[in-house]
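Dropping work29.txt in here (compact mmCIF, C-alpha atoms):
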# COMPACT_ATOMS: atom_id res chain seq x y z
CA MET E 72 -21.08 11.99 -6.47
CA ASP E 73 -23.04 8.84 -5.71
CA LYS E 74 -20.65 6.57 -7.57
CA LEU E 75 -17.55 6.76 -9.74
CA ASP E 76 -17.68 3.97 -12.29
CA THR E 77 -14.39 2.45 -13.39
CA GLU E 78 -13.15 -0.99 -14.33
CA PHE E 79 -12.09 -1.45 -10.70
CA THR E 80 -15.39 -0.43 -9.08
CA LYS E 81 -17.28 -2.74 -11.43
CA MET E 82 -14.93 -5.62 -10.64
CA MET E 83 -15.07 -5.13 -6.86
CA GLY E 84 -18.59 -3.78 -6.47
CA CYS E 85 -17.51 -0.64 -4.56
CA LYS E 86 -18.60 2.99 -5.00
CA TYR E 87 -15.21 4.63 -5.43
CA PRO E 88 -11.90 3.47 -6.97
CA ILE E 89 -9.89 4.09 -3.81
CA ILE E 90 -7.92 1.43 -1.94
CA ALA E 91 -6.74 2.19 1.57
CA ALA E 92 -3.36 0.53 1.03
CA PRO E 93 -2.12 -2.26 3.32
CA MET E 94 0.59 -0.58 5.42
CA PHE E 95 2.95 -2.50 7.69
CA LEU E 96 2.40 -1.60 11.37
CA VAL E 97 -0.24 1.00 10.40
CA SER E 98 -3.31 -0.63 8.82
CA ASN E 99 -5.80 -2.02 11.32
CA PRO E 100 -9.44 -3.20 11.35
CA GLU E 101 -10.67 0.34 12.03
CA ILE E 102 -9.09 1.76 8.86
CA VAL E 103 -10.37 -1.19 6.82
CA ILE E 104 -13.90 -0.87 8.17
CA GLU E 105 -14.24 2.90 7.85
CA ALA E 106 -12.59 3.17 4.42
CA THR E 107 -14.84 0.38 3.14
CA LEU E 108 -18.02 1.85 4.62
CA ALA E 109 -17.06 5.19 3.02
CA GLY E 110 -17.17 3.58 -0.42
CA GLY E 111 -13.57 2.54 -0.95
CA VAL E 112 -11.77 -0.75 -0.30
CA GLY E 113 -9.89 -1.02 2.99
CA THR E 114 -7.00 -3.48 3.30
CA PHE E 115 -4.37 -4.63 5.80
CA PRO E 116 -1.25 -6.85 5.69
CA THR E 117 -1.78 -10.21 7.36
CA LEU E 118 1.61 -9.79 9.05
CA ASN E 119 0.22 -6.87 11.06
CA CYS E 120 -1.37 -9.60 13.16
CA ARG E 121 1.08 -11.17 15.58
CA THR E 122 -0.72 -14.50 15.72
CA LEU E 123 -3.05 -16.58 13.57
CA TYR E 124 -5.70 -16.17 16.25
CA GLU E 125 -5.44 -12.38 15.93
CA LEU E 126 -5.65 -12.60 12.14
CA GLU E 127 -8.88 -14.57 12.32
CA ASP E 128 -10.24 -12.16 14.93
CA TRP E 129 -9.51 -9.16 12.68
CA ILE E 130 -11.20 -10.84 9.72
CA LEU E 131 -14.32 -11.68 11.72
CA ARG E 132 -14.54 -8.14 13.15
CA ILE E 133 -14.30 -6.61 9.68
CA LYS E 134 -16.85 -9.00 8.16
CA GLU E 135 -19.31 -8.22 10.94
CA LYS E 136 -19.11 -4.47 10.30
CA VAL E 137 -18.94 -4.26 6.48
CA GLY E 138 -21.18 -7.17 5.49
CA ASP E 139 -20.97 -7.85 1.76
CA LEU E 140 -18.90 -4.77 0.93
CA PRO E 141 -15.47 -5.45 -0.60
CA TRP E 142 -12.25 -5.28 1.44
CA GLY E 143 -8.96 -7.11 1.40
CA VAL E 144 -5.65 -8.28 2.79
CA ASN E 145 -2.06 -8.24 1.62
CA LEU E 146 -0.12 -11.51 1.44
CA ILE E 147 3.67 -11.57 1.07
CA LEU E 148 4.36 -14.56 -1.19
CA HIS E 149 8.14 -14.57 -0.78
CA LYS E 150 9.69 -17.63 0.89
CA SER E 151 10.91 -15.39 3.72
CA ASN E 152 7.29 -15.20 4.93
CA LYS E 153 7.22 -18.26 7.17
CA ARG E 154 3.52 -17.75 7.92
CA LEU E 155 2.34 -17.64 4.32
CA GLN E 156 0.56 -21.00 4.18
CA GLU E 157 -1.17 -20.54 7.54
CA ASP E 158 -2.23 -16.96 6.79
CA LYS E 159 -3.43 -17.93 3.33
CA ALA E 160 -5.52 -20.78 4.70
CA ILE E 161 -7.35 -18.42 7.08
CA VAL E 162 -7.88 -15.77 4.40
CA LEU E 163 -9.31 -18.30 1.94
CA LYS E 164 -11.38 -19.98 4.64
CA HIS E 165 -13.23 -16.70 5.20
CA LYS E 166 -13.44 -15.86 1.48
CA VAL E 167 -11.88 -12.42 1.85
CA PRO E 168 -13.01 -10.52 -1.29
CA LEU E 169 -9.59 -9.17 -2.32
CA ILE E 170 -5.99 -10.34 -1.91
CA ILE E 171 -3.12 -8.03 -2.81
CA SER E 172 -0.06 -10.18 -3.44
CA SER E 173 3.53 -8.98 -3.10
CA LEU E 174 7.01 -10.37 -3.73
CA GLY E 175 6.28 -13.67 -5.38
CA ASN E 176 4.54 -15.60 -8.14
CA PRO E 177 0.74 -15.53 -7.54
CA GLN E 178 0.00 -18.56 -9.73
CA GLU E 179 -0.68 -21.01 -6.87
CA LEU E 180 -2.67 -18.42 -4.96
CA LEU E 181 -4.86 -17.76 -7.99
CA LYS E 182 -5.71 -21.45 -8.35
CA GLU E 183 -6.97 -21.50 -4.78
CA ALA E 184 -8.64 -18.07 -4.70
CA ARG E 185 -10.48 -18.01 -8.01
CA PRO E 186 -13.02 -20.77 -7.20
CA LEU E 187 -14.00 -18.79 -4.08
CA GLY E 188 -14.68 -15.60 -6.02
CA THR E 189 -11.71 -13.83 -4.39
CA LYS E 190 -9.97 -11.28 -6.61
CA VAL E 191 -6.16 -11.24 -6.70
CA ILE E 192 -4.21 -8.15 -7.72
CA CYS E 193 -0.46 -7.91 -7.64
CA ASP E 194 1.99 -5.19 -6.54
CA VAL E 195 4.62 -4.56 -9.23
CA ILE E 196 7.34 -2.01 -9.91
CA ASN E 197 8.46 -3.12 -13.39
CA THR E 198 7.09 -4.77 -16.52
CA LYS E 199 9.17 -7.93 -16.04
CA HIS E 200 7.31 -8.89 -12.87
CA ALA E 201 4.04 -7.52 -14.25
CA ALA E 202 4.25 -9.81 -17.29
CA LYS E 203 4.62 -12.87 -15.05
CA ALA E 204 1.63 -11.79 -12.96
CA VAL E 205 -0.51 -11.18 -16.03
CA GLU E 206 0.51 -14.55 -17.47
CA ALA E 207 -0.56 -16.17 -14.19
CA GLY E 208 -3.97 -14.53 -14.60
CA VAL E 209 -4.15 -11.82 -11.93
CA ASP E 210 -7.24 -9.60 -11.81
CA GLY E 211 -5.20 -6.40 -11.77
CA LEU E 212 -1.81 -4.76 -11.26
CA ILE E 213 -0.91 -2.16 -8.66
CA VAL E 214 1.86 -0.15 -10.29
CA VAL E 215 3.97 1.22 -7.43
CA SER E 216 5.72 4.32 -8.73
CA ALA E 217 8.32 6.73 -7.41
CA GLY E 218 7.04 8.80 -4.50
CA ALA E 219 5.44 5.88 -2.66
CA GLY E 220 6.02 5.25 1.01
CA GLY E 221 7.91 2.14 2.02
CA HIS E 222 9.40 0.19 -0.90
CA ALA E 223 8.75 2.59 -3.76
CA GLY E 224 9.20 1.86 -7.44
CA PRO E 225 11.77 3.70 -9.57
CA LEU E 226 9.50 5.09 -12.31
CA SER E 227 7.51 8.31 -12.50
CA PRO E 228 3.74 7.70 -12.55
CA PHE E 229 3.49 10.08 -15.53
CA ASN E 230 5.42 7.47 -17.52
CA SER E 231 4.70 4.19 -15.77
CA LEU E 232 0.88 4.28 -15.82
CA PRO E 233 0.36 4.82 -19.59
CA TYR E 234 3.27 2.50 -20.33
CA PHE E 235 1.86 -0.35 -18.25
CA LYS E 236 -1.60 0.23 -19.73
CA LYS E 237 -0.15 -0.01 -23.23
CA LYS E 238 1.80 -3.17 -22.32
CA PHE E 239 -1.16 -4.85 -20.58
CA PRO E 240 -4.30 -3.34 -22.17
CA ASP E 241 -6.66 -6.06 -20.90
CA THR E 242 -5.52 -5.87 -17.26
CA PRO E 243 -6.87 -3.29 -14.80
CA ILE E 244 -4.07 -0.90 -13.78
CA ILE E 245 -4.11 0.64 -10.30
CA ALA E 246 -1.89 3.60 -9.45
CA ALA E 247 0.21 3.74 -6.27
CA GLY E 248 2.82 6.21 -5.10
CA GLY E 249 2.45 9.89 -4.21
CA ILE E 250 -1.37 9.89 -4.13
CA SER E 251 -3.19 11.87 -1.44
CA SER E 252 -5.84 14.02 -3.16
CA GLY E 253 -8.66 14.08 -5.67
CA ALA E 254 -6.31 15.75 -8.13
CA HIS E 255 -4.05 12.72 -7.95
CA LEU E 256 -7.04 10.42 -8.48
CA LEU E 257 -8.16 12.39 -11.55
CA SER E 258 -4.61 12.46 -12.94
CA SER E 259 -4.23 8.70 -12.42
CA VAL E 260 -7.48 7.98 -14.27
CA ALA E 261 -6.38 10.27 -17.10
CA LEU E 262 -3.11 8.32 -17.36
CA GLY E 263 -4.86 4.96 -17.68
CA ALA E 264 -5.46 3.78 -14.10
CA CYS E 265 -8.88 2.53 -12.98
CA ALA E 266 -8.18 3.02 -9.26
CA VAL E 267 -5.64 4.38 -6.80
CA SER E 268 -3.95 2.75 -3.82
CA VAL E 269 -3.50 5.33 -1.06
CA GLY E 270 -1.14 4.85 1.87
CA THR E 271 0.41 7.94 3.46
CA ARG E 272 -2.84 9.94 3.51
CA PHE E 273 -4.46 7.22 5.68
CA ILE E 274 -1.59 7.30 8.20
CA ALA E 275 -2.86 10.75 9.16
CA SER E 276 -6.33 9.40 9.87
CA LYS E 277 -8.23 9.27 13.15
CA GLU E 278 -8.51 5.51 12.86
CA ALA E 279 -4.83 4.78 12.29
CA GLY E 280 -3.38 3.06 15.35
CA VAL E 281 -0.07 4.93 15.32
CA GLU E 282 1.25 7.46 17.79
CA LYS E 283 0.22 11.11 17.51
CA GLY E 284 3.78 12.16 16.75
CA TYR E 285 3.75 10.05 13.57
CA LYS E 286 0.49 11.62 12.37
CA SER E 287 1.72 15.10 13.28
CA ALA E 288 4.96 14.56 11.37
CA ILE E 289 2.98 13.54 8.27
CA VAL E 290 0.93 16.75 8.47
CA LYS E 291 3.94 19.02 9.03
CA SER E 292 6.24 17.52 6.40
CA GLY E 293 6.78 18.20 2.72
CA PRO E 294 8.11 15.97 -0.07
CA GLU E 295 11.67 17.11 0.62
CA ASP E 296 11.40 15.56 4.08
CA ILE E 297 11.35 12.08 2.56
CA PHE E 298 14.61 10.22 2.02
CA MET E 299 15.46 6.80 0.63
CA SER E 300 17.44 4.21 2.60
CA LYS E 301 18.42 0.56 2.26
CA ALA E 302 19.47 0.25 5.88
CA LEU E 303 16.24 -1.15 7.31
CA SER E 304 15.61 -3.98 4.88
CA GLY E 305 18.38 -4.02 2.29
CA VAL E 306 15.97 -2.57 -0.28
CA ASN E 307 15.43 1.14 -0.87
CA ALA E 308 12.50 2.43 1.18
CA SER E 309 11.02 5.90 1.65
CA VAL E 310 11.42 7.22 5.20
CA LEU E 311 10.16 10.38 6.90
CA ARG E 312 12.91 12.65 8.19
CA THR E 313 12.12 13.69 11.76
CA PRO E 314 14.33 14.70 14.68
CA GLU E 315 14.05 11.11 15.88
CA SER E 316 15.21 9.65 12.57
CA GLU E 317 18.06 12.09 11.96
CA GLU E 318 20.52 9.85 13.83
CA PHE E 319 19.40 6.94 11.67
CA TYR E 320 19.83 9.06 8.54
CA GLN E 321 23.41 10.04 9.41
CA TRP E 322 24.24 6.44 10.38
CA ASP E 323 22.80 5.18 7.09
CA ARG E 324 24.92 7.59 5.06
CA SER E 325 28.00 6.52 6.97
CA LEU E 326 27.08 2.86 6.46
CA ARG E 327 26.82 3.19 2.71
CA GLY E 328 29.99 5.24 2.52
CA LYS E 329 32.25 2.96 4.52
CA MET E 330 31.04 -0.60 4.10
CA SER E 331 31.75 -2.83 1.16
CA GLN E 332 28.78 -4.24 -0.73
CA ALA E 333 29.48 -7.72 0.64
CA PHE E 334 29.59 -6.52 4.23
CA GLN E 335 26.37 -4.52 3.80
CA LEU E 336 24.63 -7.69 2.62
CA LEU E 337 25.93 -9.52 5.69
CA PHE E 338 24.76 -6.64 7.86
CA PHE E 339 21.22 -6.61 6.45
CA LYS E 340 20.78 -10.38 6.82
CA GLY E 341 22.71 -10.98 10.00
CA GLY E 342 20.80 -8.81 12.45
CA LEU E 343 23.81 -7.07 13.99
CA LYS E 344 23.32 -5.18 17.25
CA LEU E 345 23.59 -1.78 15.58
CA LYS E 346 20.77 -2.62 13.20
CA LYS E 347 18.54 -3.63 16.11
CA LYS E 348 18.60 -0.05 17.34
CA TYR E 349 16.47 0.94 14.35
CA SER E 350 13.19 -0.52 13.08
CA TRP E 351 9.94 0.51 11.44
CA ASN E 352 8.73 1.34 14.96
CA ASN E 353 11.10 4.26 15.42
CA VAL E 354 11.89 5.18 11.81
CA TRP E 355 8.61 6.11 10.13
CA SER E 356 7.70 5.24 6.57
CA ALA E 357 5.91 7.81 4.39
CA GLY E 358 5.65 8.87 0.77
CA GLN E 359 6.20 12.17 -1.01
CA SER E 360 2.45 12.91 -0.91
CA VAL E 361 2.91 14.23 2.66
CA GLY E 362 2.95 17.72 1.13
CA GLU E 363 -0.79 17.45 0.39
CA VAL E 364 -1.73 16.22 3.87
CA GLU E 365 -2.77 19.22 5.95
CA SER E 366 -4.75 17.68 8.81
CA VAL E 367 -5.75 14.45 10.54
CA LEU E 368 -9.15 13.36 9.22
CA SER E 369 -11.39 10.34 9.59
CA CYS E 370 -11.20 7.72 6.85
CA LYS E 371 -14.68 8.75 5.68
CA GLU E 372 -13.59 12.38 5.48
CA ILE E 373 -10.53 11.37 3.48
CA VAL E 374 -12.58 9.38 0.94
CA ASP E 375 -15.21 12.12 0.71
CA LYS E 376 -12.50 14.74 0.18
CA PHE E 377 -10.94 12.71 -2.62
CA ILE E 378 -14.28 12.51 -4.43
CA SER E 379 -15.27 16.16 -3.91
CA GLU E 380 -11.86 17.33 -5.16
CA TYR E 381 -12.03 14.94 -8.12
CA THR E 382 -15.47 16.27 -9.07
CA GLU E 383 -14.54 19.94 -8.63
CA ILE E 384 -11.30 19.75 -10.60
CA LYS E 385 -12.87 17.69 -13.39
CA GLY E 386 -15.60 20.31 -13.67
CA GLN E 387 -13.05 23.12 -13.89
CA LEU E 388 -11.18 21.33 -16.65

Full structure transcribed into structure tokens:
Amino acid sequence: MDKLDTEFTKMMGCKYPIIAAPMFLVSNPEIVIEATLAGGVGTFPTLNCRTLYELEDWILRIKEKVGDLPWGVNLILHKSNKRLQEDKAIVLKHKVPLIISSLGNPQELLKEARPLGTKVICDVINTKHAAKAVEAGVDGLIVVSAGAGGHAGPLSPFNSLPYFKKKFPDTPIIAAGGISSGAHLLSSVALGACAVSVGTRFIASKEAGVEKGYKSAIVKSGPEDIFMSKALSGVNASVLRTPESEEFYQWDRSLRGKMSQAFQLLFFKGGLKLKKKYSWNNVWSAGQSVGEVESVLSCKEIVDKFISEYTEIKGQL
């Protein structure tokens, strides 16, 4: 298939409605470049760069390789992001084609981005936050459903996607959570989405700059190997159960069973020594779509596989 036309591909000018999702500690310039060259839209979180110098270096490297093709970054808009203004200034300076906003009101960002031609889409998990984003004028909503890696939403995509599309009929809806195949892409389109945001599948890519054990664990695991925990950030997040994370899992269960709600809040915010033993470096994030990931592929192979599966299954139907 030379091109898959949707509301998203027309808006962004890409071939396929596939976003390589911005993943903390995982997404890098290589994933962005290769996913974009393959016809999708590669993205990365600005906070994956340790310094502003590194952020600008990443942006320049990506622009050199992909030219006018669309790609993007993720900006955390919450006040806890102390680098927001500096990161935003660099992103807008280089007219990055797409910004995915998270955890905050995108109204100010939209005022600055729109004159540059930069599209702004917003991560949401409920209609309350979605309504505020739509009122602000975002170019699309990424509906993060149950089954996503990291901070997953609570709703099933079978219900959330048509519901959000009914609530916000004039806003492009992008599906996220539990997506790792062409079947998922086809299902998402059938349910009202115009694109998919794919995370876990791209962790098991040749370009992902994570250790081999992480990629191997993704390939070997099934959806029942994913558990939810608040212990890392105070908000429920999907984590991959591995031998290395089993201690964390048992500690988390004990934590929730013994601590009062007030003390847990203090624990999450206070940075106690016990918490420092665990981080996203040694407890791996992944979504329930691990069950569909059977091998480590290049980003191009992943995108091509999505499209070939989409085409084959649509033909069978």

List the spatial neighbours of stretch 168-179 of chain E as a PyMOL selection string - criterion: any atom at most 6 Å away, all atoms listed in the file, same-chain residues fewer than 5 positions off excluded. chain E and resi 141-149+189-194+207

Excluding same-chain residues fewer than 5 positions from E:Ala160, what lies within 12 Å of it counting only C-alpha atoms, as a ChimeraX atom specification? /E:117,123,126-127,146,154-155,165-167,180,183-184

With distances taken over all atoms listed in the file, which of E:Ala217, E:Thr77, E:Ile102, E:Leu368 is nearest to E:Gly263?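 Among the listed residues, E:Thr77 lies closest to E:Gly263.
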
Interatomic distance, atom CA of E:Pro228 to atom CA of E:Pro243 (Å, one decimal):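 Pair atom CA of E:Pro228 / atom CA of E:Pro243 returns 15.4 Å.
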
With distances taken over only C-alpha atoms, the candidate from E:Ser360, E:Asn197, E:Thr122, E:Thr80 nearest E:Leu226 is E:Asn197

Between atom CA of E:Ser276 and atom CA of E:Phe229, what distance in Å does the model show, to one decimal?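 Computing the Euclidean distance for atom CA of E:Ser276 and atom CA of E:Phe229 yields 27.2 Å.
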
Could you tell me how far atom CA of E:Ile289 sits from atom CA of E:Ile274, in Å to one decimal place?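 Calculated distance between atom CA of E:Ile274 and atom CA of E:Ile289 is 7.7 Å.
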
Compare E:Asp128, E:Glu380, E:Glu105, E:Glu157 by their minimum atom-to-atom distance to E:Phe273, counting all atoms listed in the file, and give me the closest one.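 So, comparing all the options, the nearest one is E:Glu105.
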
Padding 5 Å on every side, please: axis-aligned box over the listed atoms of stretch 375-383 of chain E, centre and edge lengths to one decimal in Å, as lines of an AutoDock Vina configuration file.
center_x = -13.2
center_y = 16.0
center_z = -4.2
size_x = 14.5
size_y = 17.8
size_z = 19.8
